[in-house]
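For reference, the structure is listed below as structure tokens.
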Amino acid sequence: MPHAETAGVEATPRTRLRWWTELPLILLVYACYSAGRLLARGDVSHAVDHGIAILDIEKALFLNAEHPLNRLFTREPWIGVPADFWYASLHYLITPVLLVWLFRSRAVHYRAARTWLMTSTFIGLIGFTLLPTCPPRLLAEGYGFVDTMAQYSSYGWWGGEASAPRGMGGMTNQYAAMPSLHVGWALWCGVMLWRFGGTRLTKVAAVAYPLITTIVVMGTANHYFLDALAGAAVMGVGLLLAPYVMRTMDRARARFAARVVPAAAATTAATAAAAAAAAAAATATTVAQGPRDTVAVDSGDPVPVGSGTTTSSNVSGGCQTSAGERIPRQRESRLGSGAEPSASPQDAGDGAPAPAR
């Protein structure tokens, strides 16, 4: 699919994607898909008219392949039963598995592929709303269709109302047939397998899966052939719009970041200013208190200058001594006492130095 490269399938994500952000997004889109199918019921009479009009157009164009396929599936249970399981389950299994595979092993291509799928799904919801269509299996018996899901319901979990589990048929919109997203999603899966599979088996699966799905949706009388063509067309439109959707999302993300980042920067600046003010206040307090020094006295105990008491070594004349040690002819004084230096034992008592011994 060469056009996919120009349409953004090769786009590289600008930011690293995380599974805990991707999973809620996928679930949100699926919830919108389910809700859209449920709410876009429309008028039943209009849905029936649309279904009959589609059948008439196919007959005029000799495209009516639903009748022979439906008769085959009805007559041969070994074909009809697997086809019902295919229709009821693979639509909801293969697509998520491929999304996870792309996320884990083809991260460069994941964002564009995911955006393509989601854009096409929302376009399909618009089709369900604007053109509610009665599927072949719900037409009157005179139109010659048999509901294989109801015929083989004893083999599976579904009842007589589409592929919904028994008792939950009221939670699905049975008139959401145009376009067929079963075919559309299968086509998306086929493109992903063909482009990124890398083996011959994946190439075969890439062709077989959407082709068999198209046959299944017609043989089980759940869709017309034109529904299948519309599903493929929706995927084509979604592929063309995906690059624009990604650019729009990037602009919205950039605008949001532009609003959030300045606020965070202002908060950080205020925090830094408060920390600087606190540090300045602490420095001013330290300077006001002044240093706490000690002066040696004759008792050998340190006397602090200022408030408080500290313990330090005796220091005299630049020489550090141990407690109680005396240096010859050392004159000691008491700071702040105002007393004259006392005579040492070596003085004669009259102020004259004692004679040398």
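Chain labels run A, B, ... following the order of the structure tokens; each chain numbers its residues from 1, and ligands are numbered from 1 in the order shown.
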Compile a residue-level contact table for region 169-283 of chain A against region 104-113 of chain A at a cut-off of 9 Å, reporting for every qualifying residue the shortest atom pair and its distance in Å to one decimal, with only C-alpha atoms counted, rows ordered by chain and ascending number, as a tab-separated table.
```
residue	atom	partner	partner_atom	distance
A:Trp188	CA	A:Ala113	CA	8.6
A:Met192	CA	A:Ala113	CA	8.0
A:Phe196	CA	A:Arg106	CA	7.8
A:Leu239	CA	A:Ala113	CA	8.7
A:Ala242	CA	A:Ala112	CA	7.0
A:Pro243	CA	A:Ala112	CA	7.5
A:Met246	CA	A:Ala112	CA	7.6
```
Checklist line | Exercise: His46 (chain A) partners within 8 Å, only C-alpha atoms, chain neighbours under 3 positions left out, as a PyMOL selection string | finding: chain A and resi 42-43+49-50+132-133
Check: Quick one: distance from CA of Ala258 (chain A) to CA of Thr115 (chain A) in Å, one decimal?
Finding: 23.8 Å
Next item on the list: Can you work out the spacing between CA of Gly124 (chain A) and CA of Met178 (chain A) in Å, to one decimal?
Entry: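 Going from CA of Gly124 (chain A) over to CA of Met178 (chain A) covers 7.9 Å.
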Next item on the list: Determine, counting only C-alpha atoms, which protein, DNA and RNA residues have an atom within 7 Å of an atom of region 78-92 of chain A; residues of the same chain fewer than 4 positions away are not included. Present the result as a list of chain:residue names.
Entry: A:Phe73, A:Thr74, A:Pro96, A:Thr148, A:Met149, A:Tyr152, A:Ser163, A:His182, A:Val216, A:Val217, A:Thr220
Residues near region 56-65 of chain A, anyone? I mean within 9 Å using only C-alpha atoms, not counting same-chain ones fewer than 4 positions away, as a compact mmCIF listing (two decimals) with N, CA, C and O atoms, in the first residue's frame.
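Writing the result to result.txt gives the following:
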```
# COMPACT_ATOMS: atom_id res chain seq x y z
N GLY A 51 -32.38 -1.05 3.72
CA GLY A 51 -31.91 -2.40 3.41
C GLY A 51 -32.46 -2.91 2.10
O GLY A 51 -31.73 -3.49 1.27
N ILE A 52 -33.72 -2.69 1.87
CA ILE A 52 -34.34 -3.15 0.63
C ILE A 52 -33.77 -2.37 -0.56
O ILE A 52 -33.53 -2.95 -1.65
N LEU A 69 -24.45 -17.46 -0.87
CA LEU A 69 -23.62 -17.71 0.31
C LEU A 69 -24.48 -18.07 1.53
O LEU A 69 -24.14 -18.99 2.28
N ASN A 70 -25.58 -17.38 1.69
CA ASN A 70 -26.44 -17.67 2.84
C ASN A 70 -27.07 -19.05 2.73
O ASN A 70 -27.19 -19.77 3.75
N MET A 218 -21.49 -11.76 4.69
CA MET A 218 -22.58 -11.95 3.73
C MET A 218 -23.25 -13.31 3.91
O MET A 218 -24.48 -13.42 3.87
N GLY A 219 -22.46 -14.37 4.13
CA GLY A 219 -23.04 -15.70 4.27
C GLY A 219 -23.89 -15.85 5.52
O GLY A 219 -24.87 -16.60 5.52
N TYR A 224 -24.79 -6.68 3.67
CA TYR A 224 -24.84 -6.74 2.21
C TYR A 224 -23.43 -6.55 1.67
O TYR A 224 -22.51 -6.11 2.37
N PHE A 225 -23.30 -6.86 0.38
CA PHE A 225 -22.01 -6.66 -0.25
C PHE A 225 -21.63 -5.18 -0.28
O PHE A 225 -20.47 -4.81 -0.08
N LEU A 226 -22.62 -4.31 -0.47
CA LEU A 226 -22.35 -2.87 -0.47
C LEU A 226 -21.94 -2.39 0.93
O LEU A 226 -21.19 -1.40 1.05
```
Next item on the list: Mind the document's chain letters and residue numbers, and return as JSON, numbers by chain the residues of region 45-273 of chain A that DSSP labels helix (DSSP H, G or I).
Entry: {"A": [45, 46, 47, 48, 49, 50, 51, 52, 53, 54, 55, 56, 57, 58, 59, 60, 66, 67, 68, 69, 70, 71, 72, 73, 74, 75, 77, 78, 79, 80, 81, 82, 83, 84, 85, 86, 87, 88, 89, 90, 91, 92, 93, 94, 95, 96, 97, 98, 99, 100, 101, 102, 103, 104, 105, 107, 108, 109, 110, 111, 112, 113, 114, 115, 116, 117, 118, 119, 120, 121, 122, 123, 124, 125, 126, 127, 128, 129, 130, 136, 137, 138, 141, 142, 143, 148, 149, 150, 151, 153, 154, 155, 169, 170, 171, 181, 182, 183, 184, 185, 186, 187, 188, 189, 190, 191, 192, 193, 194, 195, 196, 200, 201, 202, 203, 204, 205, 206, 207, 208, 209, 210, 211, 212, 213, 214, 215, 216, 217, 218, 219, 225, 226, 227, 228, 229, 230, 231, 232, 233, 234, 235, 236, 237, 238, 239, 240, 241, 242, 243, 244, 245, 246, 247, 248, 249, 250, 251, 252, 253, 254, 255, 256, 257, 258, 259, 260, 261, 262, 263, 264, 265, 266, 267, 268, 269, 270, 271, 272, 273]}
Notebook entry, point to check: Nearest to Leu229 (chain A) among A:Val100, A:Leu241, A:Ile54, A:Ala208, with distances taken over only C-alpha atoms: which residue is it?
Noted result: A:Ile54
Notebook entry, point to check: In Å, with one decimal, what is the gap from CA of Gly231 (chain A) to CA of Ser120 (chain A)?
Noted result: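 Computing the Euclidean distance for CA of Gly231 (chain A) and CA of Ser120 (chain A) yields 8.9 Å.
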Check: Hey, which of A:Gly127, A:Gly184, A:Gly238, A:Pro179 ends up closest to His223 (chain A)? Count only C-alpha atoms.
Finding: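 Checking each candidate against His223 (chain A), we get A:Pro179 as the closest.
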